[in-house]
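Engineer: structure_29.txt is reproduced in full below (compact mmCIF, C-alpha atoms).
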# COMPACT_ATOMS: atom_id res chain seq x y z
CA MET A 7 -9.57 17.65 12.70
CA ASP A 8 -8.75 20.90 10.92
CA LEU A 9 -7.67 19.63 7.50
CA GLN A 10 -6.65 22.34 5.07
CA LEU A 11 -7.36 22.15 1.34
CA ASP A 12 -3.74 22.82 0.36
CA GLN A 13 -2.61 20.04 2.69
CA LEU A 14 -5.06 17.58 1.16
CA ARG A 15 -3.86 18.55 -2.31
CA ALA A 16 -0.29 17.89 -1.23
CA LEU A 17 -1.21 14.43 0.06
CA ASP A 18 -3.01 13.58 -3.19
CA ALA A 19 -0.07 14.81 -5.27
CA VAL A 20 2.56 12.93 -3.24
CA LEU A 21 0.70 9.62 -3.33
CA THR A 22 -0.24 10.00 -7.00
CA GLU A 23 3.22 11.01 -8.21
CA GLY A 24 5.17 8.75 -5.85
CA THR A 25 7.83 11.25 -4.72
CA PHE A 26 7.95 14.63 -3.01
CA ASP A 27 9.97 16.08 -5.90
CA ALA A 28 7.37 15.03 -8.50
CA ALA A 29 4.56 16.31 -6.29
CA ALA A 30 6.36 19.64 -5.94
CA ARG A 31 6.61 19.99 -9.72
CA ARG A 32 2.91 19.24 -10.09
CA LEU A 33 1.95 21.82 -7.44
CA ASN A 34 4.56 24.41 -8.47
CA LEU A 35 6.09 24.29 -5.00
CA THR A 36 9.43 23.32 -3.51
CA PRO A 37 9.83 19.77 -2.11
CA SER A 38 10.33 21.38 1.30
CA ALA A 39 6.99 23.17 1.08
CA VAL A 40 5.24 19.92 0.12
CA SER A 41 6.91 18.13 3.03
CA GLN A 42 5.78 20.87 5.42
CA ARG A 43 2.18 20.54 4.23
CA ILE A 44 2.24 16.77 4.70
CA LYS A 45 3.74 17.21 8.19
CA ALA A 46 1.03 19.75 9.09
CA LEU A 47 -1.66 17.38 7.81
CA GLU A 48 -0.21 14.53 9.88
CA ASP A 49 -0.14 16.79 12.94
CA ALA A 50 -3.80 17.69 12.37
CA ALA A 51 -4.77 14.03 11.89
CA GLY A 52 -2.66 12.94 14.86
CA ARG A 53 -1.04 10.07 12.98
CA ILE A 54 1.43 9.19 10.24
CA LEU A 55 -0.23 9.28 6.82
CA VAL A 56 2.61 8.47 4.41
CA GLN A 57 5.58 6.13 4.44
CA ARG A 58 8.66 8.01 3.25
CA SER A 59 9.68 5.23 0.88
CA LYS A 60 10.36 5.13 -2.86
CA PRO A 61 7.72 5.40 -4.09
CA VAL A 62 5.91 7.12 -1.23
CA ARG A 63 3.09 4.94 0.09
CA ALA A 64 0.05 5.64 2.21
CA THR A 65 -0.43 4.16 5.64
CA GLU A 66 -3.83 2.71 6.49
CA SER A 67 -4.80 6.06 7.99
CA GLY A 68 -3.34 7.80 4.95
CA LEU A 69 -5.66 5.86 2.64
CA ALA A 70 -8.68 7.16 4.54
CA VAL A 71 -7.47 10.76 4.26
CA LEU A 72 -6.52 10.20 0.60
CA ARG A 73 -10.12 9.24 -0.20
CA LEU A 74 -11.23 12.48 1.44
CA ALA A 75 -8.59 14.46 -0.50
CA ARG A 76 -9.78 13.08 -3.83
CA GLN A 77 -13.42 13.64 -2.98
CA VAL A 78 -12.65 17.26 -2.07
CA HIS A 79 -10.65 17.64 -5.31
CA VAL A 80 -13.61 16.50 -7.43
CA LEU A 81 -16.11 18.66 -5.55
CA ALA A 82 -13.83 21.69 -5.78
CA ALA A 83 -13.45 21.21 -9.53
CA ASP A 84 -17.20 20.82 -9.92
CA THR A 85 -17.76 24.04 -7.98
CA ALA A 86 -15.16 25.89 -10.07
CA ARG A 87 -17.03 24.90 -13.21
CA GLU A 88 -20.31 26.15 -11.76
CA LEU A 89 -18.75 29.50 -10.85
CA GLY A 90 -17.06 29.99 -14.20
CA GLU A 91 -18.42 31.39 -17.45
CA PRO A 92 -20.71 28.89 -19.25
CA ASP A 93 -18.39 28.50 -22.22
CA ARG A 94 -15.12 28.78 -20.29
CA PRO A 95 -15.43 27.04 -16.92
CA ALA A 96 -13.05 28.24 -14.26
CA GLY A 97 -10.36 25.86 -13.09
CA ARG A 98 -9.24 22.59 -14.55
CA PRO A 99 -11.59 19.63 -15.11
CA ALA A 100 -11.78 17.19 -12.22
CA ARG A 101 -9.36 14.26 -12.37
CA ILE A 102 -11.35 11.03 -12.20
CA PRO A 103 -9.28 7.85 -11.77
CA ILE A 104 -11.16 4.69 -12.79
CA ALA A 105 -10.17 1.04 -13.10
CA VAL A 106 -11.05 -0.77 -16.32
CA ASN A 107 -10.42 -4.32 -17.47
CA ALA A 108 -8.26 -4.60 -20.60
CA ASP A 109 -10.90 -6.03 -22.94
CA SER A 110 -13.46 -3.36 -22.09
CA LEU A 111 -10.82 -0.68 -22.53
CA GLU A 112 -9.91 -2.11 -25.94
CA THR A 113 -13.46 -2.39 -27.23
CA TRP A 114 -16.21 -0.12 -25.87
CA VAL A 115 -15.01 2.09 -22.99
CA LEU A 116 -12.89 4.69 -24.80
CA PRO A 117 -15.61 5.72 -27.29
CA ALA A 118 -17.96 6.08 -24.31
CA VAL A 119 -15.78 8.32 -22.15
CA SER A 120 -14.45 10.37 -25.07
CA ARG A 121 -17.78 12.20 -25.07
CA ILE A 122 -17.21 13.68 -21.63
CA ALA A 123 -13.47 14.41 -21.96
CA GLY A 124 -14.14 18.13 -21.48
CA ILE A 125 -15.81 17.53 -18.13
CA ALA A 126 -13.26 15.21 -16.51
CA CYS A 127 -9.59 14.36 -16.92
CA LEU A 128 -9.64 10.58 -16.84
CA GLU A 129 -6.87 8.50 -15.33
CA LEU A 130 -7.47 4.95 -16.53
CA HIS A 131 -5.98 2.08 -14.56
CA ARG A 132 -5.88 -1.21 -16.47
CA GLU A 133 -6.65 -4.10 -14.13
CA ASP A 134 -8.34 -7.49 -14.37
CA GLU A 135 -12.07 -7.20 -13.70
CA GLU A 136 -11.78 -9.57 -10.73
CA HIS A 137 -9.18 -7.34 -9.05
CA THR A 138 -10.40 -3.80 -9.73
CA THR A 139 -12.17 -3.59 -6.36
CA ARG A 140 -8.75 -3.56 -4.64
CA LEU A 141 -8.08 -0.19 -6.27
CA LEU A 142 -11.42 1.08 -4.98
CA ARG A 143 -10.67 -0.05 -1.45
CA ASP A 144 -7.26 1.60 -1.26
CA GLY A 145 -8.49 4.88 -2.77
CA THR A 146 -6.47 4.63 -5.98
CA VAL A 147 -9.62 4.98 -8.09
CA MET A 148 -13.04 6.51 -7.58
CA ALA A 149 -14.87 4.06 -9.81
CA ALA A 150 -14.28 0.70 -11.48
CA ILE A 151 -15.64 -1.75 -14.00
CA THR A 152 -15.59 -4.98 -12.04
CA SER A 153 -16.98 -8.50 -11.96
CA THR A 154 -17.85 -8.06 -8.27
CA ALA A 155 -21.53 -7.43 -7.58
CA THR A 156 -21.05 -6.81 -3.86
CA PRO A 157 -20.39 -3.10 -3.29
CA VAL A 158 -17.10 -2.05 -1.70
CA GLN A 159 -17.66 -0.11 1.52
CA GLY A 160 -18.54 3.48 0.64
CA CYS A 161 -19.49 2.59 -2.93
CA ARG A 162 -22.65 1.94 -4.90
CA VAL A 163 -22.93 -0.66 -7.66
CA ARG A 164 -24.94 -0.96 -10.88
CA PRO A 165 -25.00 -3.88 -13.35
CA LEU A 166 -23.58 -3.16 -16.81
CA GLY A 167 -24.09 -6.41 -18.72
CA ALA A 168 -21.94 -9.35 -19.75
CA MET A 169 -18.98 -9.79 -22.09
CA ARG A 170 -19.09 -13.08 -23.99
CA TYR A 171 -15.87 -15.00 -24.59
CA GLN A 172 -15.20 -17.96 -26.87
CA ALA A 173 -12.25 -20.37 -27.05
CA LEU A 174 -10.79 -19.42 -30.43
CA ALA A 175 -7.89 -20.45 -32.65
CA THR A 176 -7.03 -20.41 -36.34
CA PRO A 177 -8.55 -23.19 -38.47
CA ASP A 178 -5.09 -24.66 -39.15
CA PHE A 179 -4.25 -24.66 -35.43
CA ALA A 180 -7.55 -26.33 -34.56
CA GLN A 181 -7.13 -28.98 -37.26
CA TYR A 182 -3.52 -29.77 -36.24
CA TRP A 183 -4.03 -29.99 -32.48
CA PHE A 184 -7.63 -31.21 -32.41
CA PRO A 185 -8.01 -33.43 -35.51
CA ASP A 186 -10.84 -35.29 -33.78
CA GLY A 187 -12.26 -32.24 -32.03
CA ALA A 188 -11.53 -30.78 -28.61
CA ARG A 189 -12.40 -33.65 -26.32
CA PRO A 190 -11.72 -34.32 -22.63
CA GLY A 191 -8.03 -35.10 -22.25
CA SER A 192 -7.02 -33.54 -25.57
CA TYR A 193 -5.89 -30.16 -24.18
CA THR A 194 -2.84 -31.31 -22.21
CA HIS A 195 -0.14 -30.56 -24.78
CA VAL A 196 -1.95 -27.88 -26.79
CA PRO A 197 -0.32 -24.38 -26.60
CA MET A 198 -2.50 -21.86 -24.78
CA ILE A 199 -2.37 -18.06 -24.54
CA GLN A 200 -3.05 -16.26 -21.27
CA PHE A 201 -3.19 -12.50 -20.64
CA ASP A 202 -1.35 -12.66 -17.29
CA ARG A 203 -1.40 -14.79 -14.17
CA ASN A 204 -4.62 -13.15 -12.97
CA ASP A 205 -6.42 -14.25 -16.15
CA ASP A 206 -8.44 -17.37 -15.32
CA LEU A 207 -10.73 -17.54 -18.36
CA GLN A 208 -8.66 -20.24 -20.06
CA ALA A 209 -8.54 -22.22 -16.81
CA ARG A 210 -12.32 -21.99 -16.52
CA HIS A 211 -12.72 -23.32 -20.05
CA LEU A 212 -10.28 -26.15 -19.31
CA ARG A 213 -12.17 -27.17 -16.18
CA ALA A 214 -15.46 -27.26 -18.09
CA ALA A 215 -14.22 -28.91 -21.29
CA ASN A 216 -11.27 -31.07 -20.31
CA GLN A 217 -12.81 -32.73 -17.24
CA GLN A 218 -9.36 -33.47 -15.81
CA PRO A 219 -6.36 -31.43 -14.62
CA ALA A 220 -4.29 -29.95 -17.43
CA ASP A 221 -1.11 -27.88 -17.48
CA PRO A 222 -0.61 -26.99 -21.14
CA PRO A 223 2.33 -24.95 -22.49
CA THR A 224 1.31 -21.33 -22.00
CA HIS A 225 2.28 -18.03 -23.60
CA PHE A 226 1.64 -14.88 -21.52
CA VAL A 227 0.67 -11.85 -23.64
CA PRO A 228 -0.38 -8.89 -21.41
CA SER A 229 -2.07 -6.74 -24.07
CA SER A 230 -5.59 -7.17 -25.36
CA THR A 231 -4.66 -6.31 -28.93
CA ALA A 232 -1.48 -8.40 -28.88
CA PHE A 233 -3.38 -11.29 -27.27
CA ARG A 234 -5.79 -11.40 -30.19
CA GLU A 235 -2.89 -11.11 -32.65
CA ALA A 236 -1.07 -14.01 -30.96
CA VAL A 237 -4.17 -16.19 -31.47
CA ARG A 238 -4.48 -15.02 -35.08
CA LEU A 239 -0.82 -15.92 -35.68
CA GLY A 240 -1.40 -19.47 -34.47
CA MET A 241 0.67 -19.27 -31.29
CA GLY A 242 -2.10 -20.96 -29.29
CA TRP A 243 -5.77 -20.89 -28.45
CA GLY A 244 -7.30 -18.33 -26.12
CA MET A 245 -10.53 -16.92 -24.77
CA LEU A 246 -11.39 -13.84 -26.82
CA PRO A 247 -14.40 -11.51 -26.46
CA ASP A 248 -17.06 -11.50 -29.18
CA LEU A 249 -16.79 -7.70 -29.34
CA GLN A 250 -13.20 -8.03 -30.52
CA THR A 251 -13.53 -10.94 -32.93
CA GLU A 252 -16.76 -10.46 -34.87
CA THR A 253 -14.96 -9.89 -38.20
CA ASP A 254 -12.55 -12.80 -37.71
CA ARG A 255 -15.34 -15.22 -36.82
CA ALA A 256 -17.51 -14.10 -39.74
CA ALA A 257 -14.57 -14.53 -42.14
CA GLY A 258 -13.61 -17.91 -40.67
CA THR A 259 -10.08 -16.79 -39.78
CA LEU A 260 -10.81 -17.72 -36.16
CA VAL A 261 -12.96 -20.67 -35.08
CA ASN A 262 -14.31 -21.98 -31.80
CA ILE A 263 -12.21 -25.02 -30.89
CA ASN A 264 -15.02 -26.55 -28.86
CA GLY A 265 -18.25 -26.02 -30.73
CA ARG A 266 -20.38 -23.40 -29.04
CA ALA A 267 -18.45 -23.36 -25.75
CA ARG A 268 -18.49 -19.88 -24.29
CA ILE A 269 -18.13 -17.95 -21.04
CA ASP A 270 -20.19 -14.88 -20.17
CA VAL A 271 -18.48 -12.53 -17.70
CA PRO A 272 -20.94 -10.18 -15.93
CA LEU A 273 -19.61 -6.66 -15.36
CA TYR A 274 -20.66 -4.03 -12.82
CA TRP A 275 -19.97 -0.35 -12.30
CA GLN A 276 -18.89 0.58 -8.78
CA GLN A 277 -18.25 4.17 -7.75
CA TRP A 278 -17.79 6.17 -4.60
CA LYS A 279 -20.99 7.48 -3.00
CA LEU A 280 -20.17 11.03 -4.03
CA ASP A 281 -22.61 13.54 -5.49
CA SER A 282 -20.30 14.91 -8.17
CA PRO A 283 -21.48 16.07 -11.61
CA ALA A 284 -18.14 15.03 -13.13
CA LEU A 285 -18.15 11.53 -11.63
CA ASN A 286 -21.83 11.09 -12.44
CA ALA A 287 -21.18 12.14 -16.05
CA VAL A 288 -18.55 9.42 -16.35
CA ALA A 289 -20.96 6.89 -14.85
CA ASP A 290 -23.75 7.88 -17.22
CA ALA A 291 -21.44 7.57 -20.24
CA ILE A 292 -20.24 4.12 -19.17
CA ILE A 293 -23.72 2.79 -18.35
CA THR A 294 -25.21 4.10 -21.61
CA ALA A 295 -22.44 2.56 -23.71
CA ALA A 296 -22.58 -0.75 -21.83
CA ALA A 297 -26.29 -1.07 -22.55
CA LYS A 298 -25.48 -1.02 -26.26
CA ALA A 299 -22.27 -3.09 -26.26
CA LEU A 300 -22.84 -5.80 -23.66
CA LEU A 301 -25.24 -8.68 -23.36
CA PRO A 302 -28.00 -8.70 -20.72
CA VAL A 303 -26.94 -10.57 -17.60
CA GLU A 304 -28.83 -13.87 -17.44
Let me see the file written as structure tokens.
Structural biologist:
Amino acid sequence: MDLQLDQLRALDAVLTEGTFDAAARRLNLTPSAVSQRIKALEDAAGRILVQRSKPVRATESGLAVLRLARQVHVLAADTARELGEPDRPAGRPARIPIAVNADSLETWVLPAVSRIAGIACLELHREDEEHTTRLLRDGTVMAAITSTATPVQGCRVRPLGAMRYQALATPDFAQYWFPDGARPGSYTHVPMIQFDRNDDLQARHLRAANQQPADPPTHFVPSSTAFREAVRLGMGWGMLPDLQTETDRAAGTLVNINGRARIDVPLYWQQWKLDSPALNAVADAIITAAAKALLPVE
């Protein structure tokens, strides 16, 4: 296949932006020119690569070519930097899309990647750590913080450490709903807070502590900061990371409702097998910060 660089850029832009018009604005072209490049790329590949829907979506073949397009984009940006002046690299920094779970994003990831912001333009996708590998498989991201130790095809994996979670609530909440302590059977009517329907940490705690099925009233709060605030306001109990609650626990404004019950969630870094200085710089920043912020995996 004779795949041209401008055609690959058009495919990346269309699938990233979602429409031909938005892709045209990004590339400083007309929508017709973008469409012609996509058509030429499909002719070269011998198959349909995009579904002309709203938003535009990749076909299965399109996902394979999209991965190539993004790899070429990163390598081209790396090369532009090498060819530029040392203090003013030519071209724009490579765009590196990565998937990050909400609690890591809220606590330790941003300070880590801020140090390499001049090397890569980061596109952060917030996704539950158990579902980030889906974004790797479909080419949406080049790397991910995930709870999956098995590498996605075409990726390599490295352990980062574990985030520790505790079942926390305010002292008043704990005293009102658990006057005799959190015992098996006592969770059934107690309000609970859940991040979203992919969040199973509370369910895991219930299975371990309640020892019987429970379907408590549940608030859904899809923001890490707002989730913690909902617990602090007494709306319910929830599983919160130690990294986010050290001050509250030390001050006694949040307490563990079940003694020392805790859940350690191991995290891993998965990235495409691509020899890119920009992508490797992101990986190094993440791995270095994780070694300081996370617990060793037992």
Engineer: Rank nothing, just name the residue among A:Ile263, A:Ala150, A:Ala28, A:Ala100 nearest to Ala123 (chain A), using only C-alpha atoms.
Structural biologist: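 Distance minimum relative to Ala123 (chain A) lands on A:Ala100.
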Engineer: One number please: CA of Leu11 (chain A) to CA of Ala70 (chain A), in Å, one decimal.
Structural biologist: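 Distance reported for this atom pair: 15.4 Å.
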Engineer: List every residue of region 79-156 of chain A that has an atom at most 12 Å from any atom of region 47-66 of chain A, and for each one report the closest atom pair and its distance in Å to one decimal, counting all atoms listed in the file, with rows sorted by chain and then by increasing residue number, as a Markdown table.
Structural biologist:
| residue | atom | partner | partner_atom | distance |
| --- | --- | --- | --- | --- |
| A:Arg143 | CA | A:Glu66 | CA | 10.8 |
| A:Asp144 | CA | A:Glu66 | CA | 8.5 |
| A:Gly145 | CA | A:Ala64 | CA | 9.9 |
| A:Thr146 | CA | A:Ala64 | CA | 10.5 |
Engineer: As an exercise, work out the distance from CA of Ser120 (chain A) to CA of Pro103 (chain A) in Å and give it to one decimal place.
Structural biologist: 14.5 Å
Engineer: Please tell me which residues are no farther than 10 Å from (-3.5, -27.4, -21.8) in the file, counting only C-alpha atoms, and write them as JSON, numbers by chain.
Structural biologist: {"A": [191, 192, 193, 194, 195, 196, 197, 198, 199, 208, 209, 212, 216, 219, 220, 221, 222, 223, 224, 242, 243]}
Engineer: Go through A:Leu285, A:Leu249, A:Leu142, A:Ala173 one by one, measure the shortest atom-to-atom distance of each to Cys161 (chain A) using all atoms listed in the file, and give the residue with the smallest value.
Structural biologist: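 Closest residue, counting all atoms listed in the file: A:Leu142.
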Engineer: Rounded to one decimal place, report the CA of Trp275 (chain A)-CA of Arg164 (chain A) distance in Å.
Structural biologist: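 Between these atoms lies a distance of 5.2 Å.
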Engineer: Write out as a short mmCIF file (atom, residue, chain, number, x, y, z; two decimals) with C-alpha atoms, keeping the file's coordinate frame each polymer residue whose atoms come within 12 Å of region 266-268 of chain A, counting all atoms listed in the file; drop sequence neighbours fewer than 6 positions from it.
Structural biologist:
data_model
loop_
_atom_site.label_atom_id
_atom_site.label_comp_id
_atom_site.auth_asym_id
_atom_site.auth_seq_id
_atom_site.Cartn_x
_atom_site.Cartn_y
_atom_site.Cartn_z
CA ALA A 168 -21.94 -9.35 -19.75
CA MET A 169 -18.98 -9.79 -22.09
CA ARG A 170 -19.09 -13.08 -23.99
CA TYR A 171 -15.87 -15.00 -24.59
CA GLN A 172 -15.20 -17.96 -26.87
CA ALA A 173 -12.25 -20.37 -27.05
CA LEU A 174 -10.79 -19.42 -30.43
CA ALA A 188 -11.53 -30.78 -28.61
CA ARG A 189 -12.40 -33.65 -26.32
CA LEU A 207 -10.73 -17.54 -18.36
CA GLN A 208 -8.66 -20.24 -20.06
CA ARG A 210 -12.32 -21.99 -16.52
CA HIS A 211 -12.72 -23.32 -20.05
CA LEU A 212 -10.28 -26.15 -19.31
CA ALA A 214 -15.46 -27.26 -18.09
CA ALA A 215 -14.22 -28.91 -21.29
CA ASN A 216 -11.27 -31.07 -20.31
CA GLY A 244 -7.30 -18.33 -26.12
CA MET A 245 -10.53 -16.92 -24.77
CA LEU A 246 -11.39 -13.84 -26.82
CA PRO A 247 -14.40 -11.51 -26.46
CA ASP A 248 -17.06 -11.50 -29.18
#
Engineer: Which neighbours of Leu239 (chain A) fall inside 12 Å, counting only C-alpha atoms, when residues of the same chain fewer than 6 positions from it are skipped, and could you give them as a ChimeraX atom specification?
Structural biologist: /A:174-179,199,232-233,259-260
Engineer: With distances taken over only C-alpha atoms, which of A:Arg31, A:His131, A:Arg15, A:Arg203 is nearest to Met148 (chain A)?
Structural biologist: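 Residue with the minimum atom-to-atom distance to Met148 (chain A): A:His131.
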Engineer: Around region 284-294 of chain A, fit a box with edges along x, y and z, padding it by 4 Å on each side, then list its centre and edge lengths in Å to one decimal as JSON.
Structural biologist:
{"center_x": -21.7, "center_y": 8.9, "center_z": -16.6, "size_x": 15.1, "size_y": 20.2, "size_z": 18.0}
Engineer: Which is closest to Thr85 (chain A) among A:Thr294, A:Ala257, A:Leu9, A:Ser282, if we use only C-alpha atoms?
Structural biologist: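 Looking only at the distances to Thr85 (chain A), the closest residue turns out to be A:Ser282.
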Engineer: Of the candidates A:Pro283, A:Gly68, A:Gly24, A:Pro272, which one gets nearest to Ile151 (chain A) if we count only C-alpha atoms?
Structural biologist: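 When distances to Ile151 (chain A) are compared using only C-alpha atoms, the smallest one comes from A:Pro272.
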Engineer: For Thr138 (chain A), which residue out of A:Leu81, A:Ala289, A:Thr154, A:Arg32 is the nearest one, using all atoms listed in the file?
Structural biologist: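 Of A:Leu81, A:Ala289, A:Thr154, A:Arg32, the one nearest Thr138 (chain A) is A:Thr154, counting all atoms listed in the file.
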Engineer: So which residues touch Ala291 (chain A) within 8 Å, counting all atoms listed in the file, skipping near sequence neighbours fewer than 2 positions away, as number ranges by chain?
Structural biologist: A: 118-119, 121-122, 287-289, 293-295
